[in-house]
$ cat input.tsv   # TSV, C-alpha atoms
chain	number	residue	atom	x	y	z
A	1	MET	CA	103.17	93.79	91.07
A	2	ARG	CA	106.17	91.62	91.96
A	3	LEU	CA	106.93	88.12	93.10
A	4	TRP	CA	109.95	88.45	95.36
A	5	HIS	CA	112.81	86.03	94.80
A	6	TYR	CA	111.80	82.88	96.66
A	7	GLN	CA	115.03	82.90	98.70
A	8	LEU	CA	113.97	86.23	100.25
A	9	ILE	CA	110.46	85.25	101.40
A	10	HIS	CA	111.67	84.31	104.89
A	11	TYR	CA	113.26	87.77	105.28
A	12	LEU	CA	110.54	90.05	103.92
A	13	PRO	CA	109.08	92.74	106.16
A	14	LYS	CA	105.45	92.16	107.12
A	15	SER	CA	104.05	94.59	104.55
A	16	GLN	CA	105.89	92.90	101.66
A	17	LEU	CA	104.95	89.40	102.83
A	18	LEU	CA	101.26	90.25	103.16
A	19	ALA	CA	101.33	92.08	99.81
A	20	GLN	CA	102.86	88.95	98.30
A	21	TRP	CA	99.83	86.93	99.39
A	22	ARG	CA	97.50	89.55	97.87
A	23	GLU	CA	99.42	89.46	94.59
A	24	LEU	CA	99.33	85.67	94.51
A	25	ASN	CA	95.58	85.78	95.05
A	26	SER	CA	95.27	88.20	92.15
A	27	ILE	CA	97.17	85.74	89.96
A	28	PHE	CA	95.00	82.84	91.15
A	29	LYS	CA	91.75	84.74	90.56
A	30	ASN	CA	92.37	87.01	87.56
A	31	GLN	CA	95.55	85.76	85.88
A	32	PRO	CA	96.52	89.37	85.15
A	33	LYS	CA	99.13	90.37	82.63
A	34	HIS	CA	101.83	92.53	84.14
A	35	ILE	CA	105.41	92.95	82.99
A	36	LEU	CA	106.82	91.89	86.37
A	37	ILE	CA	104.85	88.64	86.66
A	38	ASN	CA	104.13	87.47	83.11
A	39	TYR	CA	106.94	84.92	83.40
A	40	VAL	CA	104.93	82.79	85.86
A	41	TYR	CA	102.66	81.69	83.02
A	42	GLU	CA	105.66	80.21	81.18
A	43	TYR	CA	106.23	77.64	83.93
A	44	PRO	CA	104.28	74.62	85.13
A	45	LYS	CA	101.67	75.53	87.73
A	46	ASN	CA	103.62	73.52	90.27
A	47	ASP	CA	106.29	76.25	90.33
A	48	LEU	CA	103.70	78.82	91.33
A	49	LYS	CA	102.13	76.40	93.81
A	50	GLU	CA	105.50	75.72	95.41
A	51	TYR	CA	106.17	79.45	95.59
A	52	ALA	CA	102.74	80.08	97.14
A	53	CYS	CA	103.38	77.33	99.70
A	54	ILE	CA	106.64	79.03	100.71
A	55	VAL	CA	104.69	82.26	101.28
A	56	ILE	CA	101.92	80.44	103.17
A	57	GLU	CA	104.40	78.63	105.41
A	58	GLU	CA	106.21	81.87	106.21
A	59	MET	CA	102.92	83.57	107.06
A	60	LYS	CA	102.01	80.69	109.37
A	61	ARG	CA	105.49	80.74	110.95
A	62	ARG	CA	104.96	84.40	111.83
A	63	GLY	CA	101.50	83.73	113.22
A	64	TYR	CA	99.52	85.47	110.45
A	65	LYS	CA	96.13	83.95	109.73
A	66	ILE	CA	95.08	83.15	106.19
A	67	LYS	CA	91.34	83.59	106.16
A	68	ASN	CA	90.58	82.42	102.66
A	69	MET	CA	92.25	79.79	100.48
A	70	ALA	CA	89.43	79.67	97.88
A	71	ASN	CA	91.41	81.35	95.08
A	72	PHE	CA	94.39	79.07	95.71
A	73	GLU	CA	92.19	75.96	95.68
A	74	ALA	CA	90.25	77.06	92.58
A	75	TYR	CA	93.46	77.81	90.66
A	76	PHE	CA	95.35	74.66	91.55
A	77	GLY	CA	92.58	72.16	92.16
A	78	SER	CA	93.44	68.90	93.84
A	79	LYS	CA	95.32	67.19	91.00
A	80	LEU	CA	98.63	69.00	91.38
A	81	LEU	CA	101.06	67.63	93.86
A	82	PRO	CA	103.41	69.94	95.71
A	83	ALA	CA	106.83	69.81	94.12
A	84	PRO	CA	109.84	69.47	96.40
A	85	ILE	CA	111.90	72.61	96.76
A	86	ASP	CA	114.93	71.89	94.64
A	87	GLY	CA	116.47	75.34	94.25
A	88	LYS	CA	115.22	75.63	90.70
A	89	LEU	CA	111.92	77.41	91.23
A	90	PHE	CA	111.14	79.66	88.24
A	91	ARG	CA	114.55	78.49	87.01
A	92	ASN	CA	115.25	81.14	84.38
A	93	HIS	CA	113.79	84.06	86.29
A	94	HIS	CA	114.50	83.58	90.00
A	95	ASN	CA	118.19	83.56	89.33
A	96	PHE	CA	121.21	85.31	90.84
A	97	ARG	CA	120.50	88.51	88.90
A	98	TYR	CA	116.87	88.66	90.09
A	99	LEU	CA	118.00	88.01	93.65
A	100	HIS	CA	120.17	91.13	93.35
A	101	GLN	CA	117.31	93.18	91.89
A	102	CYS	CA	115.03	92.22	94.74
A	103	PHE	CA	117.75	92.88	97.30
A	104	TYR	CA	118.33	96.40	95.99
A	105	ASN	CA	114.59	97.04	96.04
A	106	LEU	CA	114.44	95.96	99.69
A	107	GLN	CA	117.61	97.91	100.48
A	108	GLU	CA	115.95	101.08	99.20
A	109	LYS	CA	112.87	100.43	101.35
A	110	PHE	CA	115.12	100.01	104.39
A	111	ASP	CA	117.20	103.09	103.55
A	112	ARG	CA	114.02	105.18	103.19
A	113	GLY	CA	112.83	104.10	106.63
A	114	GLN	CA	110.00	101.66	105.94
A	115	ALA	CA	108.28	101.43	109.33
A	116	ASP	CA	108.00	97.64	109.55
A	117	PHE	CA	111.53	96.92	108.31
A	118	SER	CA	113.83	96.41	111.28
A	119	GLU	CA	117.58	96.65	111.29
A	120	ALA	CA	117.72	92.99	112.32
A	121	GLN	CA	115.69	92.02	109.26
A	122	TYR	CA	117.92	94.06	106.99
A	123	ASP	CA	121.04	92.58	108.58
A	124	ALA	CA	119.69	89.06	107.93
A	125	ILE	CA	119.01	89.89	104.26
A	126	ASN	CA	122.43	91.50	103.97
A	127	GLU	CA	124.07	88.39	105.44
A	128	LEU	CA	122.21	86.20	102.93
A	129	MET	CA	123.47	88.40	100.12
A	130	GLN	CA	127.04	88.52	101.44
A	131	ASN	CA	127.08	84.71	101.54
A	132	ALA	CA	125.59	84.50	98.04
A	133	TRP	CA	128.20	86.90	96.68
A	134	ALA	CA	131.06	85.15	98.48
A	135	GLU	CA	130.00	81.75	97.26
A	136	GLU	CA	128.71	82.99	93.91
A	137	ILE	CA	125.61	80.89	94.41
A	138	PRO	CA	123.60	81.04	91.17
A	139	PHE	CA	120.10	80.87	92.74

$ encode --input "input.tsv" --output "structure tokens"
Amino acid sequence: MRLWHYQLIHYLPKSQLLAQWRELNSIFKNQPKHILINYVYEYPKNDLKEYACIVIEEMKRRGYKIKNMANFEAYFGSKLLPAPIDGKLFRNHHNFRYLHQCFYNLQEKFDRGQADFSEAQYDAINELMQNAWAEEIPF
């Protein structure tokens, strides 16, 4: 169970993006405890909602249909307003170090030949990382 660094959502291969939606739904429905996602419960729900909206928008951009939003709606209700993306989502966890960890995880998937991970996708992720390293952007 993992929530990819929010800066990588746009670049994820299809299998990781769709798995991200399944994991979010698990959080919305069951609020599981897992070492890789426990941090989300330390933040306001708006952080998770903003993150979920990034995933939803990317899925829509790629033409994937979301058949059921019931868990999302039940978890967030109608009182929360979407927070603007300010680069501080999950501030203490989705940082420069976590961006690197996620990158290396994706790099391994590419290196091992994940079927739905194209060279163009990897090149785009690599370019993002090269720019982050060059500019030392503390995501």

$ residues_around --input "input.tsv" --residues "segment 13-28 of chain A" --least-positions-apart "2" --cutoff "6 Å" --atoms "all atoms listed in the file" --output "list in words"
Asn30, Gln31, Asn71, Phe72, Tyr75 and Phe117 of chain A

$ write_last_selection --input "input.tsv" --atoms "C-alpha atoms" --output "compact mmCIF listing (two decimals), in the coordinates of the input"
# COMPACT_ATOMS: atom_id res chain seq x y z
CA ASN A 30 92.37 87.01 87.56
CA GLN A 31 95.55 85.76 85.88
CA ASN A 71 91.41 81.35 95.08
CA PHE A 72 94.39 79.07 95.71
CA TYR A 75 93.46 77.81 90.66
CA PHE A 117 111.53 96.92 108.31

$ residues_around --input "input.tsv" --residues "segment 102-111 of chain A" --least-positions-apart "2" --cutoff "12 Å" --atoms "only C-alpha atoms" --output "VMD selection string"
chain A and resid 2 to 9 11 to 13 15 to 17 36 93 to 100 113 to 130 132

$ closest_residue --input "input.tsv" --among "A:Ile35, A:Ala134, A:Met1, A:Val40" --to "Ala52 of chain A" --atoms "only C-alpha atoms"
A:Val40

$ atom_distance --input "input.tsv" --atom1 "atom CA of Glu73 of chain A" --atom2 "atom CA of Cys53 of chain A"
12.0 Å

$ atom_distance --input "input.tsv" --atom1 "atom CA of His34 of chain A" --atom2 "atom CA of Glu50 of chain A"
20.6 Å

$ atom_distance --input "input.tsv" --atom1 "atom CA of Tyr43 of chain A" --atom2 "atom CA of Asn92 of chain A"
9.7 Å
